Structures are given as C-alpha cells and as structure tokens.
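Engineer: After the structure tokens below, expect a handful of questions from me.
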Amino acid sequence: MAANETIALHQRNGVNSSNEFGIPLNELKSMMEQRGKESVTHVAQHYTDVDGMCKLLKTSPTKGITGSPGELERRRSVYGSNVIPPKKSKTLLQLIWEALQDVTLIILEIAAIISLGLSFYRPSGQTQEGQAACLPSNLAASGGGDHDEGDTGWIEGAAILISVAVVVLVTAINDYTKEKQFRGLQNRIEKEQKFSTIRNGNTIEIAVADIVVGDVLQVKYGDLMPSDGVLIQSNDLKIDESSLTGESDLVKKSQDRDIFLLSGTHVMEGSGRVVVSAVGIHSQTGIILTLLGASEEESAKETKRDEALLNDTEAGEGADGKAAPKKRRSKKEQSVLQAKLTKLAVQIGYAGFGVSLLTVVILIVVFCIEVFGTNNISWTSECTSIYIQYFVKFFIIGITVLVVAVPEGLPLAVTISLAFSVKKMMKDNNLVRHLDACETMGSATAICSDKTGTLTTNRMTVVECFLAGKYFNDKLPKAQDLPPSIVQKLVTGISINSAYTSKIISPEIEGGQPTQVGNKTECALLGFVRDIGRDYDSVRQDITEETLFKVYTFNSVRKSMSTVISNPDGSYRLYTKGASEIVLKKCSTVLDEEGEIKNFTAYDRQDVVSTVIQPMAQNGLRTIALAYKDIGPNVVKDWDSENEIIQNLTCIGITGIADPVRPEVPDAIKKCQRAGITVRMVTGDNMSTARSIAIKCGIIQPHKEMLVIDGKEFNRRIRNANGEIEQRLLDEVWPTLRVLARSSPTDKHTLVKGIIDSELSPNREVVAVTGDGTNDGPALKKADIGFAMGIAGTDVAKEASDIILTDDNFSSIVKAVMWGRNVYDSIAKFLQFQLTVNVVAVTVAFLGACIIKDSPLKAVQMLWVNLIMDTFASLALATEQPNEDLLLRKPYGRNKALISRTMMKNILGHAIYQLIVIFTLLFAGEQIFDIDNGRGLTLHAAPTQHFTIIFNTFVMMQVFNEINARKIHGERDVFSGMYTNPVFCSILIGTFVAQVFIVEYGGMWFTTTPLSISQWLWCVFLGMMELLWGQVVSSVPNSVIPKAFSFGKAKKTTGTNAAGRVEYYEDEAPDFTEDSIRRGQILWFRGLNRIQQQIRVVNAFRSSLYETSHHAPTAGIHDFQPRTSGPFDDDEDDDAVEKRDE
C-alpha cells in the first residue's frame, strides 16, 4: 500500500480532514501499547512502513521536521508538549497546617486554651476572700503586687498561643521558601537535559521539553529515552526496558523484530534514529505517571495493595512446603549524619519527656501536700477553678520543658545547612541531586575515580602512531608519506567505524581550537584523518549511516567497535578499532611498508607490544589498534555470530592518543591524601598508561606499598577455587590497591561493594565513586556517593548518581568534600549550642519546681529561648562558609560519635557556668541588686525585676555562647571568620535588639518588667563572661571527660543475609526514595526522579528525625595516609589522645 493510499484510507476511516496530520493522538497512544513483533505488524498493516507513517506525521525520516515556530506550536496543540506536570506544590496554608501537627505544640495549644478559658471563669458568688480561703497564706499572699486576675490572668494563655503561632509561621515560611528553591533547582536540571535531534536536515541539541511528535531523534549508547518513538534505522540497538516491564534482559531493537522505543527506557548498546510518536503525558511513562497522580487516595490504596501482595509473596511457601522466611526489604541507606542525628534526637527526646513528666508530677504533688496535707484545706466546688488553674500552670511548665528539651530544630538546621550548601556547591560545579549526599561526602574515606575526563582533560589528540611498519613517535606522517592502500583503509575505517554523531567543528575564531563533539576518542581519530591531509566528512557523504550493513557498537565487554559495509560485487568489508592488546590478538596479518598484506605471527605481535605499545603506554598514551577484514559473498550465515566473524583480521596500524592530566588534579589529590582520603584510579586503559597517569597525578607515591593490577589479576586474587568472590580475599587486595586497569564495570562494582562491606575495622569505609558510562550505574548506586560526569556522562550514569560534576573535574570533588565536612561541622555547632541551652533550661525548670515550686523561666520566656535556639541558631550556625582548614583532619567515619568529648566538655563546662549564675541570681539576686524577692508569688502575680534579671541574663549568656559554639575542635579564636558571615552577625544583633524590646515592653505578655541601666549592664557583663569562661573550658584536657560521655553513634542491629552471613543494619524507618513508592516498575522515570526527588528529601528532613532510620551496611577500615596530627585532630577520642594529653 502506497503512502498516499494510506493517507486516503485514514481519511475514510474518520480522521479529521481539517487536521493537517494524518494520525490522531489516540491512535498513536494505542499503537505504542504493542510489543515485539506486533509493533512491526501494526505499522505494516496501518501505514505500510515507517516511511508511510512519517508522511502522515508530515516529517522526513532523514531530515526531520522544519522546526519553524508555527509548526512546533501546531504539533503541540495536536499532540501535546513533552512535559509531565510536576506534583502540585503545597500552599503556605497547607504547610502551616502541617507545622501545627507537631504533638508537643498541640498539647501546648490545648493547655493554653484551657488556661485562657479558666482565667475568665468565675463561679457565681465567689469573692476575693473566698478565693483566699482555698489556698494557704503563703500562696494567697500578693508578694509583689497582685493584679486583678480578671484583667491579667488571660495574658499567659494568650501569650503562649501567640508564641506557638510565631513558631508555626516561621517553620512554615521557611519550608515554603525551601520548597520553592528546590522546585527551581529541578527546573534547572530539566532545562539542562538536551537530546540530539534532526531538524531541517541538521543535527542539533535541543531541550527535552522542546521535543514534539514528528521529531527525528538520534539515540545512542547511554541515552534515556525522552519520549515514545518508532525506529527508523538502527545499529546493534539494545534497550533496557526494566523500568516498564521489570524484565532485566536487554531488548534488541531492529526494523524486522521490534520497532517501538518507550520513554523512560535506557539505550544500553548501539545507536539509531527514531521518529517521535508520543510525548509528555501521552507517552507510556506519562500515562503511568498520570495514573499515579490522578488520585492521592487511589495511589495510597494501590501502594497498600502492592505492599500486601509483596508481603504475601515474600511470606509464601518455599520449595519444601514450609513457609519461607520473610525477606528483609532493601532500604535506602541513611546518610552518616542522619543516622547519628536519629539516635541522638531519640535519646534527647526520651530524656526531655522524662524530665518534663517528673517536673509536672513534683509540682502537683508538692502543691497537693502543702494545700491539702500541711494546711488541711478541703477541696470545695468554689475552689475547683483555682486548683485547676494551678494544675494547668504546672502542666504548661512541664510541656514547655518538653518543648525546650526536644530538638525539633534539628530537621530545620539540617535542611537549612544542606540547602545553603547545595546552592553554593552549584557555583563550585557540583550539582547535588540528593541532599544527603552533600554531608555524606564530608565523611568520605575513599574515592574511586575514572581517569579519562576526570583526572585528564578529555581533549584527546593522536600524537604517535605505528603505520606501514614504522613507529612515528616524533612527528605524525602525511598522506603522501604512506602507501595509498594504507591511507584509503585508514581514512575509510576511521570515518565510518565511528559514531556519525562524533565530529570535529572548525573553530569560529582564527587560531582557536576545534570543538570536539561526541566521543572524545573517536574525535581524536577523526582529527588524525584531518592531520594526515584527508577529510572524513566526504567519506561519510559517500557511505551514509543508512547504507552500513552491520555495526557492532562499542561496549565494555568487547572493548572494540566494528562496522561492516557491503561492496557492489556482493562481498563485504569489516573495519575494527579498539584496545590494542585485544584487537592485535584477533589479527593474523598486517599491512607492511608497501601496503601489502603479510603474516602477523605471535612473535611479531610480541615485538609490536614491546617496541610500540609499551613505550606509548609508558608515555601515558591510550593505544588504539585499527584493523580490517574482507569477507566474500555468502560466507557468513549468521551476522550475529560476532566472535566467529571478528577474527583473522589485518592490522592497519596503532595510534597513541594523548590525554593530558588536568593541571589542578595533582594538588587536589594531595589535599585528599592530607585529609585522610584514599584516591584509587579505576580505568579501562592498559596498565602502563594507567600507571603513568597515576604517577603524574600523585596517586602512586614512591617508596610506599601500592598495588597496580588489571581486571584479570584482580578477579584472580579475589575469587576462590569455585570462581566465587570472597570478602576475605578482597580484604587482602583493596587496602593497598591504588590503580585497577583494564577493568570492566563489574570489576568496579565489585571493588566498591568489597570496600563498603569490609569488616577489617569497626570504622566502615565511606566510598565515593565517579562514573560516566551506562554500565557505571550499578557502582554509582552502590557507592555512598556517586559522582556522574555532567559533560561526558550518559543519562543513565546521571540518573544513578547523587552529585553531577558539571565540569567533569576531579578538583570539584575536593570542593564537595570540603562542603560536606562543613555541613557536618555546622550541625555539630548547632548541637553544641542547643544542648547547652537544653541542659540549662531543663535543669533550671526541674530544680525550680522541686525547690521553689515554680520555674524561674516562664512558659512564654522558654518559648522565646526555644525560638532563639531552634530557628535563629540554625540559621546562624548552619550558614558558615567552609575553609581549607576542614581538609587538615581525617574523616569522621561512620561510627564516630556525633557529640565528641571536646563538644561534651564545652556543653558541660558552659552549662555549669550558666547554672551557677542563674541559681546565684535566683537565691541571692534580691540582695545583690537590692530589689524585691520574686520567689513564691501567686498564680497571676505581676512581673518582678528579680525574675526579669534571671531571664535577661539567661538570654545574654546564650547570645555570647553562640559565638563560642562556632568552634567545636577546641580552637581558642572563636571570632575567626565570624565577620565573613553576615547572617550570623545579623541574627546575633537581631536577637539582642529583640531581647531589649521584650524586657522593656513585654510586660505581662512575657512576664517581664523594665530594668535600669546598671541592671542591664550586669546582665550583659555576665553574658560576656561566657567568652572568658570559654577560654578556661578550652584549657581543660579532653581526657577528663569519660569516653562514655561522647554519644550520638549510629545504632546497630544484627541480621542474617541470604547467604547466612551476619550483617549490621541501622534502625529501620520509612524509605523516602522512589523505590518505596513504585517498586519493580518505575525505578528511573524522568518525571518522578527529576521533578519530585528533592522535594521528598526535604520533606523527609522536615519530618521528626527521630521517626527516621535506615539500613546501613557493614563496617570497614580505611588505610589512612600517614601524617602528623594537626590542630583539628583533638576529636579522635582514643587512647592516643589520652597519651598525648598525659
């Protein structure tokens, strides 16, 4: 059926004639539901072939659409845009409602409302004298001027409600701002994703969102399909459709077996051209995502059904008829800092709850004993409201102690610190995809890095070659210096046996460097063709990509690429290029000085290896061999029998490609080694090249035991007699391993997993990995932090990564380490400050309840302190800038206590000073300042200067202790770097100014009364003494603090894996990753993964951290570089420190 007949048939079948496109949207959507051979049959029946379908879509299979604005708009109006609308963000009101769900705040609100209601309640006939009869004389006495309860009793309840409203608003507005920022971050990621598209005959890179139906896409190894499409032409194309089908086997795509490519799937091998058939919400991914988001309730029900089905499957009967044990579901591992904060928050929360409960009980019991026991007063109906008001007051004090004790500011501090760091890291070429990777990088002990593009410039050029039996190591030959037959085979082989997307664009400015587009190794070879005086483009025009008979694309197993072309006489010629050792083993002949074929014996091969390949490799060159083979007609029966076809080749020559080390890399690696981080190179290059680059980078150091092996030797050492990997054998290799050459992605994954799972030491290794290829995905996912290359990296690698290096530069990883350590330290600073306030406030409230039957710090005052402590302190301390000093200490490690002995010394030291000052003022303040005693007042007594001075001094001590809290390693100069942080200075000044207004004008609302100038000066002086006291505390050796006082380690539980081996896990908790939402089917969808991922992480941080915990792998050891201890090693907290202190 001709294309015109196809169009006529569609018009008769009801396609709207006014529609300029011949295929309606619904028909394209239903068409893409076909699979396998059905896709070929469907297209043949309805459109004759793909060309017929392209005509109906008004596009050209070779030139694509014209791309004019009018045409693009018409296509979008008919078929939609390639955009999947993100989940609707929460409004400010929704976030306020969420913030109000906090249990402690709800209890406080209820208590405040009860207090407010009771303050207005007056039993009929009750008189002032009647109220006095309900209480003993010491409680009924005015003691400082009693205001009319009807006028002032309501203020405390109202003030608490207003304070709660302020806390809720601050939290909600902060969440709202952060959510907007991360939406912007996701939009940037979306805009930066480009795809190679043919429009008007030109290959251009356009944003994925700009793709329309009818566009012709050039797909290649490593691409993530941005839309649904129909195959026009392919070369050994294999797709990973596991994200849709759950099947892990690669699906081969070709014009005669399966021609439909689906959005969200990955191109794992080969290349091809595809015409877009469905975009956005009409693509297969979009349809599923639309169903997912159609109804929150339905989605929740479906998830529950899926989980029930999963649990039923896991609990099903085994082969022996017995119930199989329920498998442990894999959890996304909690980050280092999260794991420690989780346990710490739970411990503080339990302690705070215990103290608050004890405070309430003591206050009630003491009150009851004094009223009903000692004074023998009976409970009458007239006294009920008074007694209940006292009980509510006690309850409010207890709840306020809990509010102050519970570190609800931790999620806020973590979020602020990470958000601040993420924004700054983008300027340092680190695009953070997962927030927790930011701080995990600060604990990294090992980095497994690629060579090409990361340690080297990835601007490759051929600088040496072996052609016509000669080794050109000084100057490259010209075409006239070589036999014509060799030139013809060399130029044709390089031109067509490279991806047609790889090309060299001439510089726009005279004298500038040409731009390399596509694979850099192929660009180096294409540049070599130009250097000898030939043009690869003219060869490609004569032999177009469509006329190629068969292409065996490069992959990590082959380490070579081969292309077959057909000759007019029915014969074929095969061109091959690849790793020199591998290709030479398949060569039986070679082209000699005259361009004639001669035998290539094993002796000749060894001679070439020793005289050509090894010298090239020792100079740090990548060696690529070029070969060809002529195949007669009807000789090959099965063109998929690759191993049988690609043998007995004729060697054309060998090229040596230079890829210089980036000038900044050696210094960056030195910084890593000084910081206690081991750098390992994992590369596909040969050993000599890898060793040469490693020496230039400083990875290998002279006079040190360092292992350099290839993938074959690596596997031999780590496998037992049965060919199984043993952790014991791996533990003998990795501590000294520095270079792994000729490695496959499987070797890389094995190495990373082995280091992470090692149990040589309780301090587990934290491993960072760089990768750019599709097959690096497993290693990137397994690593604690996966770095993908933003320029050379494939979409698959980027999807698997945690951080994208936008400049592909190793020195950017060092900046990530610095930012990660800064995040960790910022949270530690915040904790040091918060725990000091916690200890003091809780102790004061508790002892006050026991001794004077009241808390010296009132409920509203403690809420103000809580606001200083949580929101303002998290902003001030979490926005510190990193500095080079962070790289002068070793990594903290997985199991290092979050609260070190140095920090605990600071917390206890400053808490002791503050408690001495407060209790001195409490029991002797009225004598020191010659003012009225504020102890033992009635329920709604007027504020006193006595208790106002206590409150003001307490706040002043926190303001100045916030400066001390900036240093957590025992440094004496607490002002260092303070003035470079405007946020910190602003909050410090703002807190002081707000305190002045609260004290002078707070009145009954804050239970304060104005102070004189001299009283203010004494309050400020006692606060400033914190700075001097901090110097005294720093002088105390860490050894006086018992090791048991350092806490905040991640809690471990043990379990047994499938192999029966004991494994260690962190406490489990809900998994906020996408895997938990859609297991088995939607693992890599661009929509959910790119648009919603960061929002989930923020919500996870925003949730109570003590509700979260995750699985963590087993422990390991790090082979630290030997160095002298620096000034920041005082937190080692081990015997070595004790000995040094002695």
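Simple scheme: letters A, B, ... for chains in structure tokens order, numbers from 1 for residues in each chain, numbers from 1 for ligands in the order shown.
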Tell me which protein, DNA and RNA residues are within 7 Å of Val274 of chain A, counting only C-alpha atoms, leaving out same-chain ones fewer than 4 positions away, and put them as a ChimeraX atom specification.
Structural biologist: /A:216-218,229-232
Engineer: Just the alpha helix (DSSP H) stuff from segment 724-894 of chain A, please, per backbone DSSP, written as a PyMOL selection string.
Structural biologist: chain A and resi 727-733+745-757+777-782+795-800+810-851+859-867+873-877
Engineer: Gln958 of chain A: which residues within 9 Å, counting only C-alpha atoms, same-chain residues fewer than 2 positions away excluded, as a list of chain:residue names?
Structural biologist: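 Here the answer would be A:Phe833, A:Thr836, A:Val837, A:Val865, A:Ile868, A:Met869, A:Thr953, A:Phe954, A:Val955, A:Met956, A:Phe960, A:Asn961, A:Glu962, A:Ile963, A:Gly1023, A:Glu1026.
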Engineer: Create the file for the chosen residues now, containing all heavy atoms and written as a short mmCIF file (atom, residue, chain, number, x, y, z; two decimals), in the first residue's frame.
Structural biologist:
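again-v6.cif, freshly written:
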data_model
loop_
_atom_site.label_atom_id
_atom_site.label_comp_id
_atom_site.auth_asym_id
_atom_site.auth_seq_id
_atom_site.Cartn_x
_atom_site.Cartn_y
_atom_site.Cartn_z
N PHE A 833 25.51 24.18 70.72
CA PHE A 833 24.79 25.33 71.27
C PHE A 833 23.46 24.90 71.87
O PHE A 833 23.11 25.26 72.99
CB PHE A 833 24.57 26.37 70.17
CG PHE A 833 23.72 27.53 70.59
CD1 PHE A 833 24.20 28.47 71.49
CD2 PHE A 833 22.44 27.69 70.10
CE1 PHE A 833 23.41 29.55 71.88
CE2 PHE A 833 21.65 28.76 70.48
CZ PHE A 833 22.14 29.69 71.37
N THR A 836 23.60 22.83 75.15
CA THR A 836 23.94 23.65 76.31
C THR A 836 22.68 24.33 76.85
O THR A 836 22.41 24.31 78.06
CB THR A 836 24.98 24.73 75.93
OG1 THR A 836 26.12 24.10 75.35
CG2 THR A 836 25.42 25.51 77.16
N VAL A 837 21.88 24.91 75.94
CA VAL A 837 20.63 25.56 76.36
C VAL A 837 19.68 24.52 76.94
O VAL A 837 19.01 24.76 77.95
CB VAL A 837 19.96 26.28 75.17
CG1 VAL A 837 18.74 27.04 75.63
CG2 VAL A 837 20.93 27.22 74.50
N VAL A 865 13.19 31.50 74.12
CA VAL A 865 14.52 30.87 74.11
C VAL A 865 14.54 29.73 73.09
O VAL A 865 15.52 29.55 72.36
CB VAL A 865 14.87 30.33 75.52
CG1 VAL A 865 16.14 29.49 75.48
CG2 VAL A 865 15.05 31.49 76.49
N ILE A 868 15.00 31.22 69.70
CA ILE A 868 16.41 31.59 69.51
C ILE A 868 17.22 30.34 69.18
O ILE A 868 18.03 30.30 68.26
CB ILE A 868 16.99 32.24 70.78
CG1 ILE A 868 16.29 33.54 71.11
CG2 ILE A 868 18.49 32.48 70.64
CD1 ILE A 868 16.71 34.13 72.45
N MET A 869 16.95 29.30 69.98
CA MET A 869 17.75 28.08 69.92
C MET A 869 17.52 27.31 68.63
O MET A 869 18.46 26.79 68.03
CB MET A 869 17.36 27.22 71.12
CG MET A 869 18.19 25.99 71.34
SD MET A 869 17.75 25.25 72.90
CE MET A 869 16.08 24.72 72.60
N THR A 953 19.53 37.68 81.90
CA THR A 953 20.91 37.16 82.00
C THR A 953 21.03 35.84 81.25
O THR A 953 22.01 35.58 80.56
CB THR A 953 21.31 36.97 83.47
OG1 THR A 953 21.17 38.21 84.16
CG2 THR A 953 22.74 36.49 83.60
N PHE A 954 20.01 34.99 81.39
CA PHE A 954 20.00 33.69 80.69
C PHE A 954 20.10 33.89 79.18
O PHE A 954 20.91 33.24 78.50
CB PHE A 954 18.72 32.94 81.06
CG PHE A 954 18.60 31.60 80.38
CD1 PHE A 954 19.45 30.56 80.70
CD2 PHE A 954 17.63 31.37 79.42
CE1 PHE A 954 19.34 29.32 80.08
CE2 PHE A 954 17.51 30.15 78.80
CZ PHE A 954 18.37 29.12 79.13
N VAL A 955 19.31 34.81 78.63
CA VAL A 955 19.34 35.07 77.18
C VAL A 955 20.68 35.67 76.76
O VAL A 955 21.25 35.29 75.73
CB VAL A 955 18.16 35.98 76.77
CG1 VAL A 955 18.31 36.41 75.31
CG2 VAL A 955 16.83 35.28 76.98
N MET A 956 21.21 36.60 77.56
CA MET A 956 22.50 37.20 77.22
C MET A 956 23.61 36.15 77.18
O MET A 956 24.50 36.19 76.32
CB MET A 956 22.87 38.29 78.25
CG MET A 956 22.05 39.56 78.16
SD MET A 956 22.23 40.42 76.58
CE MET A 956 20.62 40.13 75.87
N PHE A 960 26.05 35.24 73.78
CA PHE A 960 27.51 35.20 73.71
C PHE A 960 28.04 33.77 73.58
O PHE A 960 29.10 33.55 73.00
CB PHE A 960 28.10 35.91 74.93
CG PHE A 960 27.95 37.40 74.88
CD1 PHE A 960 26.93 38.03 75.58
CD2 PHE A 960 28.81 38.17 74.11
CE1 PHE A 960 26.78 39.41 75.51
CE2 PHE A 960 28.67 39.55 74.05
CZ PHE A 960 27.65 40.18 74.75
N ASN A 961 27.28 32.81 74.11
CA ASN A 961 27.71 31.40 73.96
C ASN A 961 27.55 30.93 72.52
O ASN A 961 28.19 29.99 72.08
CB ASN A 961 26.92 30.50 74.90
CG ASN A 961 27.53 29.09 74.98
OD1 ASN A 961 28.75 28.94 74.98
ND2 ASN A 961 26.69 28.09 75.01
N GLU A 962 26.68 31.62 71.77
CA GLU A 962 26.52 31.29 70.36
C GLU A 962 27.81 31.57 69.59
O GLU A 962 28.13 30.88 68.62
CB GLU A 962 25.36 32.11 69.77
CG GLU A 962 24.80 31.54 68.48
CD GLU A 962 23.46 32.13 68.11
OE1 GLU A 962 22.79 32.73 68.97
OE2 GLU A 962 23.09 32.00 66.93
N ILE A 963 28.56 32.55 70.05
CA ILE A 963 29.88 32.83 69.45
C ILE A 963 30.84 31.69 69.79
O ILE A 963 31.59 31.21 68.94
CB ILE A 963 30.43 34.19 69.94
CG1 ILE A 963 29.49 35.32 69.55
CG2 ILE A 963 31.83 34.43 69.39
CD1 ILE A 963 29.86 36.66 70.13
N GLY A 1023 26.76 37.82 80.65
CA GLY A 1023 26.71 37.12 79.36
C GLY A 1023 28.08 37.11 78.70
O GLY A 1023 28.53 36.09 78.18
N GLU A 1026 30.83 34.61 79.35
CA GLU A 1026 30.82 33.32 78.62
C GLU A 1026 32.06 33.19 77.73
O GLU A 1026 32.62 32.11 77.58
CB GLU A 1026 29.56 33.20 77.77
CG GLU A 1026 28.36 32.57 78.46
CD GLU A 1026 28.50 31.07 78.57
OE1 GLU A 1026 29.53 30.53 78.14
OE2 GLU A 1026 27.60 30.44 79.13
#
Engineer: Please list as a VMD selection string every residue within 7 Å of Ser443 of chain A, counting only C-alpha atoms and excluding residues in the same chain fewer than 5 positions away.
Structural biologist: chain A and resid 766 821 891 to 893
Engineer: Rounded to one decimal, what separation in Å do you get between atom CA of Leu626 of chain A and atom CA of Arg716 of chain A?
Structural biologist: 29.7 Å
Engineer: Where in segment 793-972 of chain A does DSSP assign strand (DSSP E or B), given as a list in words?
Structural biologist: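 Restricting segment 793-972 of chain A to strand (DSSP E or B) produces Ile803, Ile804, Leu805, Ile899 and Ala941 of chain A.
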Engineer: Generate a file of the selected residues that holds N, CA and C atoms, formatted as a PDB file, in the first residue's frame.
Structural biologist:
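Result written to result.pdb:
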ATOM      1  N   ILE A 803      25.548  13.254  42.865  1.00  0.00           N
ATOM      2  CA  ILE A 803      26.069  14.586  42.528  1.00  0.00           C
ATOM      3  C   ILE A 803      26.581  14.547  41.095  1.00  0.00           C
ATOM      4  N   ILE A 804      26.279  15.596  40.338  1.00  0.00           N
ATOM      5  CA  ILE A 804      26.770  15.689  38.954  1.00  0.00           C
ATOM      6  C   ILE A 804      27.866  16.747  38.905  1.00  0.00           C
ATOM      7  N   LEU A 805      29.046  16.347  38.388  1.00  0.00           N
ATOM      8  CA  LEU A 805      30.151  17.297  38.225  1.00  0.00           C
ATOM      9  C   LEU A 805      29.953  18.011  36.889  1.00  0.00           C
ATOM     10  N   ILE A 899      28.571  13.685  69.090  1.00  0.00           N
ATOM     11  CA  ILE A 899      28.973  14.567  70.191  1.00  0.00           C
ATOM     12  C   ILE A 899      30.309  14.058  70.713  1.00  0.00           C
ATOM     13  N   ALA A 941       0.625  36.814  89.638  1.00  0.00           N
ATOM     14  CA  ALA A 941       1.300  37.971  90.223  1.00  0.00           C
ATOM     15  C   ALA A 941       1.967  38.807  89.148  1.00  0.00           C
TER      16      ALA A 941
END
Engineer: Fewer than 5 positions away in the same chain doesn't count, so skip those; otherwise give me all residues within 12 Å of Ile851 of chain A, counting only C-alpha atoms, as a ChimeraX atom specification.
Structural biologist: /A:359,362-363,366-367,843-846,856,919,922-923,935-936
Engineer: Could you dump the residues just selected with N, CA and C atoms as a short mmCIF file (atom, residue, chain, number, x, y, z; two decimals), in the first residue's frame?
Structural biologist:
data_model
loop_
_atom_site.label_atom_id
_atom_site.label_comp_id
_atom_site.auth_asym_id
_atom_site.auth_seq_id
_atom_site.Cartn_x
_atom_site.Cartn_y
_atom_site.Cartn_z
N THR A 359 8.81 16.83 86.32
CA THR A 359 8.56 18.21 86.76
C THR A 359 7.09 18.40 87.10
N ILE A 362 6.16 16.44 90.33
CA ILE A 362 6.68 17.08 91.55
C ILE A 362 5.88 18.33 91.89
N LEU A 363 5.60 19.18 90.87
CA LEU A 363 4.83 20.40 91.12
C LEU A 363 3.45 20.08 91.69
N VAL A 366 3.81 18.40 95.36
CA VAL A 366 4.18 19.39 96.38
C VAL A 366 3.02 20.33 96.67
N PHE A 367 2.31 20.75 95.61
CA PHE A 367 1.15 21.64 95.79
C PHE A 367 0.06 20.96 96.62
N THR A 843 17.31 21.85 83.51
CA THR A 843 17.77 21.77 84.90
C THR A 843 17.14 22.87 85.75
N VAL A 844 17.11 24.09 85.21
CA VAL A 844 16.52 25.22 85.95
C VAL A 844 15.04 24.97 86.22
N ALA A 845 14.31 24.51 85.18
CA ALA A 845 12.88 24.26 85.35
C ALA A 845 12.62 23.16 86.37
N PHE A 846 13.42 22.10 86.28
CA PHE A 846 13.22 20.95 87.18
C PHE A 846 13.56 21.31 88.63
N PRO A 856 11.77 29.31 87.37
CA PRO A 856 12.26 30.70 87.24
C PRO A 856 12.07 31.24 85.83
N PHE A 919 21.30 30.21 89.44
CA PHE A 919 20.87 29.88 90.79
C PHE A 919 21.40 30.89 91.82
N LEU A 922 18.91 33.52 91.46
CA LEU A 922 17.61 33.07 91.96
C LEU A 922 17.53 33.20 93.49
N PHE A 923 18.60 32.79 94.18
CA PHE A 923 18.54 32.75 95.65
C PHE A 923 19.20 33.97 96.33
N ARG A 935 10.50 35.15 94.47
CA ARG A 935 10.12 33.75 94.72
C ARG A 935 8.79 33.67 95.47
N GLY A 936 8.04 32.59 95.20
CA GLY A 936 6.82 32.28 95.94
C GLY A 936 5.68 33.23 95.69
#
Engineer: Between atom CA of Pro226 of chain A and atom CA of Ile287 of chain A, what is the spacing in Å?
Structural biologist: 13.8 Å
Engineer: Between A:Asp795, A:Glu765, A:Asp973, A:Glu644, which has the minimum distance to Tyr221 of chain A (counting only C-alpha atoms)?
Structural biologist: A:Asp795
Engineer: Can you tell me which residues surround segment 748-761 of chain A at a distance of at most 10 Å, considering only C-alpha atoms, apart from same-chain residues fewer than 5 positions away, and format the answer as a PyMOL selection string?
Structural biologist: chain A and resi 446-450+682-683+711+714-715+718+725-735+737+740+743+766-769+771+775-784+1063-1064+1113-1118
Engineer: Which residue is closest to Leu418 of chain A? Choose from A:Asp436, A:Glu664, A:Glu546, A:Glu38 and count only C-alpha atoms.
Structural biologist: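 Once distances to Leu418 of chain A are computed over only C-alpha atoms, the minimum belongs to A:Asp436.
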Engineer: Would you list the contacts of Asn200 of chain A as JSON, numbers by chain, taking every protein, DNA or RNA residue within 8 Å and counting only C-alpha atoms, but skipping same-chain residues closer than 4 positions in sequence?
Structural biologist: {"A": [63, 64, 65, 66, 67]}
Engineer: Export all heavy atoms of the chosen residues as a PDB file, in the first residue's frame?
Structural biologist:
ATOM      1  N   LYS A  63      15.499  13.982   7.309  1.00  0.00           N
ATOM      2  CA  LYS A  63      15.711  15.396   7.588  1.00  0.00           C
ATOM      3  C   LYS A  63      14.887  15.920   8.763  1.00  0.00           C
ATOM      4  O   LYS A  63      15.132  17.018   9.260  1.00  0.00           O
ATOM      5  CB  LYS A  63      15.391  16.238   6.346  1.00  0.00           C
ATOM      6  CG  LYS A  63      16.351  15.988   5.190  1.00  0.00           C
ATOM      7  CD  LYS A  63      16.053  16.931   4.035  1.00  0.00           C
ATOM      8  CE  LYS A  63      17.067  16.733   2.913  1.00  0.00           C
ATOM      9  NZ  LYS A  63      16.800  17.650   1.779  1.00  0.00           N
ATOM     10  N   GLY A  64      13.910  15.148   9.222  1.00  0.00           N
ATOM     11  CA  GLY A  64      13.083  15.575  10.333  1.00  0.00           C
ATOM     12  C   GLY A  64      12.107  16.663   9.943  1.00  0.00           C
ATOM     13  O   GLY A  64      11.836  16.877   8.750  1.00  0.00           O
ATOM     14  N   ILE A  65      11.565  17.377  10.925  1.00  0.00           N
ATOM     15  CA  ILE A  65      10.645  18.476  10.654  1.00  0.00           C
ATOM     16  C   ILE A  65      11.444  19.745  10.396  1.00  0.00           C
ATOM     17  O   ILE A  65      12.642  19.808  10.648  1.00  0.00           O
ATOM     18  CB  ILE A  65       9.668  18.674  11.838  1.00  0.00           C
ATOM     19  CG1 ILE A  65      10.441  19.055  13.113  1.00  0.00           C
ATOM     20  CG2 ILE A  65       8.855  17.413  12.080  1.00  0.00           C
ATOM     21  CD1 ILE A  65       9.545  19.369  14.304  1.00  0.00           C
ATOM     22  N   THR A  66      10.746  20.781   9.904  1.00  0.00           N
ATOM     23  CA  THR A  66      11.463  22.023   9.604  1.00  0.00           C
ATOM     24  C   THR A  66      11.849  22.758  10.889  1.00  0.00           C
ATOM     25  O   THR A  66      12.861  23.439  10.938  1.00  0.00           O
ATOM     26  CB  THR A  66      10.596  22.957   8.732  1.00  0.00           C
ATOM     27  OG1 THR A  66       9.404  23.276   9.450  1.00  0.00           O
ATOM     28  CG2 THR A  66      10.250  22.273   7.410  1.00  0.00           C
ATOM     29  N   GLY A  67      11.008  22.627  11.915  1.00  0.00           N
ATOM     30  CA  GLY A  67      11.324  23.263  13.189  1.00  0.00           C
ATOM     31  C   GLY A  67      10.919  24.714  13.273  1.00  0.00           C
ATOM     32  O   GLY A  67      11.355  25.427  14.185  1.00  0.00           O
TER      33      GLY A  67
END
Engineer: Hey, which of A:Tyr552, A:Phe951, A:Trp97, A:Phe1021 ends up closest to Ile565 of chain A? Count only C-alpha atoms.
Structural biologist: A:Tyr552
Engineer: What does the distance between atom CA of Arg972 of chain A and atom CA of Gly1030 of chain A come to in Å, to one decimal place?
Structural biologist: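 If I compute the distance from atom CA of Arg972 of chain A to atom CA of Gly1030 of chain A, I get 8.2 Å.
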Engineer: Which residue gives the smallest distance to His910 of chain A among A:Asn838, A:Thr611, A:Ser227, A:Thr655, with only C-alpha atoms counted?
Structural biologist: A:Asn838
Engineer: Between A:Thr879, A:Asn235, A:Thr1008, A:Thr374, which residue has the minimum interatomic distance to Pro136 of chain A, considering only C-alpha atoms?
Structural biologist: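 With only C-alpha atoms as the atom set, the closest residue is A:Thr374.
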